[in-house]
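One file, work_19.cif, is given below (mmCIF, C-alpha atoms).
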```cif
data_start
#
loop_
_atom_site.label_atom_id
_atom_site.label_comp_id
_atom_site.auth_asym_id
_atom_site.auth_seq_id
_atom_site.Cartn_x
_atom_site.Cartn_y
_atom_site.Cartn_z
CA MET A 29 95.69 109.04 92.89
CA LYS A 30 93.00 107.57 90.66
CA SER A 31 95.57 105.49 88.77
CA ILE A 32 96.85 104.01 92.05
CA VAL A 33 93.33 102.94 93.04
CA VAL A 34 92.70 101.43 89.60
CA SER A 35 96.03 99.57 89.79
CA MET A 36 95.16 98.19 93.22
CA ILE A 37 91.76 96.99 92.00
CA ALA A 38 93.35 95.35 88.95
CA ALA A 39 95.95 93.63 91.14
CA ALA A 40 93.25 92.31 93.47
CA GLY A 41 91.34 90.94 90.50
CA LEU A 42 94.43 89.20 89.22
CA MET A 43 95.04 87.66 92.64
CA VAL A 44 91.58 86.14 92.60
CA ALA A 45 92.05 84.91 89.04
CA GLY A 46 95.45 83.50 89.90
CA SER A 47 94.07 81.62 92.88
CA ALA A 48 91.42 80.03 90.69
CA MET A 49 94.14 78.76 88.32
CA ALA A 50 96.29 77.33 91.09
CA THR A 51 95.08 73.73 90.90
CA ASP A 52 98.09 72.42 88.96
CA MET A 53 100.78 74.51 90.62
CA PRO A 54 103.34 72.80 92.85
CA ALA A 55 102.53 72.92 96.57
CA VAL A 56 105.41 75.31 97.30
CA ALA A 57 104.02 77.78 94.75
CA LYS A 58 100.55 77.59 96.26
CA LYS A 59 101.91 77.96 99.80
CA ASN A 60 103.92 81.05 98.88
CA ASN A 61 101.10 82.68 96.87
CA CYS A 62 103.00 82.56 93.58
CA THR A 63 99.59 81.90 92.03
CA ALA A 64 98.65 85.53 92.58
CA CYS A 65 100.83 86.41 89.57
CA HIS A 66 101.60 83.11 87.82
CA ALA A 67 99.53 80.35 86.21
CA VAL A 68 100.73 77.02 84.87
CA ASP A 69 99.92 77.53 81.22
CA LYS A 70 99.42 81.24 80.56
CA LYS A 71 100.81 84.64 81.49
CA VAL A 72 98.90 86.36 84.27
CA VAL A 73 101.02 89.19 85.69
CA GLY A 74 104.20 87.16 85.54
CA PRO A 75 105.16 84.48 83.02
CA ALA A 76 103.51 81.07 82.85
CA TRP A 77 105.11 78.41 85.03
CA LYS A 78 105.71 76.21 81.95
CA ASP A 79 107.41 79.08 80.08
CA VAL A 80 109.87 79.60 82.93
CA GLY A 81 110.56 75.86 82.91
CA ALA A 82 111.15 75.89 79.16
CA LYS A 83 113.49 78.88 79.36
CA TYR A 84 115.68 77.26 81.99
CA LYS A 85 115.43 73.64 80.81
CA GLY A 86 118.85 72.02 80.84
CA ASP A 87 120.43 74.87 82.81
CA ALA A 88 122.23 73.29 85.77
CA THR A 89 122.42 76.67 87.50
CA ALA A 90 118.71 77.46 87.09
CA HIS A 91 117.70 76.61 90.65
CA ASP A 92 120.22 79.02 92.15
CA LYS A 93 119.46 81.76 89.59
CA LEU A 94 115.71 81.53 90.08
CA SER A 95 115.98 81.28 93.87
CA ALA A 96 118.00 84.49 93.92
CA LYS A 97 115.61 86.20 91.52
CA VAL A 98 112.55 85.24 93.56
CA LYS A 99 114.14 86.35 96.83
CA LYS A 100 115.55 89.66 95.49
CA GLY A 101 112.84 90.50 92.97
CA GLY A 102 113.64 92.20 89.71
CA SER A 103 112.41 93.26 86.31
CA GLY A 104 113.21 93.06 82.65
CA SER A 105 113.47 89.30 82.16
CA TRP A 106 109.83 88.79 81.20
CA GLY A 107 108.62 92.29 80.42
CA SER A 108 108.19 95.59 82.18
CA MET A 109 106.24 94.38 85.22
CA PRO A 110 108.66 94.09 88.17
CA MET A 111 108.54 91.05 90.43
CA PRO A 112 108.46 92.01 94.10
CA ALA A 113 111.14 90.64 96.40
CA ASN A 114 110.23 87.62 98.52
CA PRO A 115 113.19 87.46 100.94
CA ARG A 116 111.55 85.02 103.36
CA LEU A 117 110.71 82.47 100.69
CA VAL A 118 112.33 79.09 101.21
CA MET A 119 112.98 77.34 97.92
CA LEU A 120 113.01 73.56 97.61
CA THR A 121 116.30 71.98 96.68
#
```

Is it possible to give me this structure as structure tokens?
Amino acid sequence: MKSIVVSMIAAAGLMVAGSAMATDMPAVAKKNNCTACHAVDKKVVGPAWKDVGAKYKGDATAHDKLSAKVKKGGSGSWGSMPMPANPRLVMLT
């Protein structure tokens, strides 16, 4: 039980930190609270926004892959921390 409480406190702290780093994130990322786990230039809980861009640069199918990943959630692509599903998220085309 103690580890759950500690995890919740750590997650809340990261949300606050992520919100403070949100100034350069695209509007859709701010609107959908992606900044709780992602920053532009460094790993927070999830990978840095620029690192995701670099990984998928030149990939014509990236938009569809990433849209599906964001909506369904998943783990393993960027480490052991799973990304929660965001099924109601509307991605820009």

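One distance worth recording is that between atom CA of A:Val98 and atom CA of A:Ala57, which is 11.4 Å.
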
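For the residues A:Lys85, A:Lys78, A:Lys71, A:Lys59, ranking by smallest atom-to-atom distance to A:Val118 using all atoms listed in the file places A:Lys59 first.
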
List the spatial neighbours of A:Gly74 as a ChimeraX atom specification - criterion: any atom at most 8 Å away, only C-alpha atoms, same-chain residues fewer than 2 positions off excluded. /A:65-66,71-72,76,106,109,111

Please provide the set of residues having any atom within 9 Å of A:Met53, restricted to all atoms listed in the file, with same-chain residues fewer than 6 positions apart removed, written as a JSON list (two decimals) with C-alpha atoms, in the frame of the given file.
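Written output follows (out11.json):
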```json
[["chain", "number", "residue", "atom", "x", "y", "z"],
["A", 62, "CYS", "CA", 103.00, 82.56, 93.58],
["A", 63, "THR", "CA", 99.59, 81.90, 92.03],
["A", 67, "ALA", "CA", 99.53, 80.35, 86.21],
["A", 68, "VAL", "CA", 100.73, 77.02, 84.87],
["A", 77, "TRP", "CA", 105.11, 78.41, 85.03]]
```

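Atom CA of A:Val73 lies 24.9 Å from atom CA of A:Thr89.
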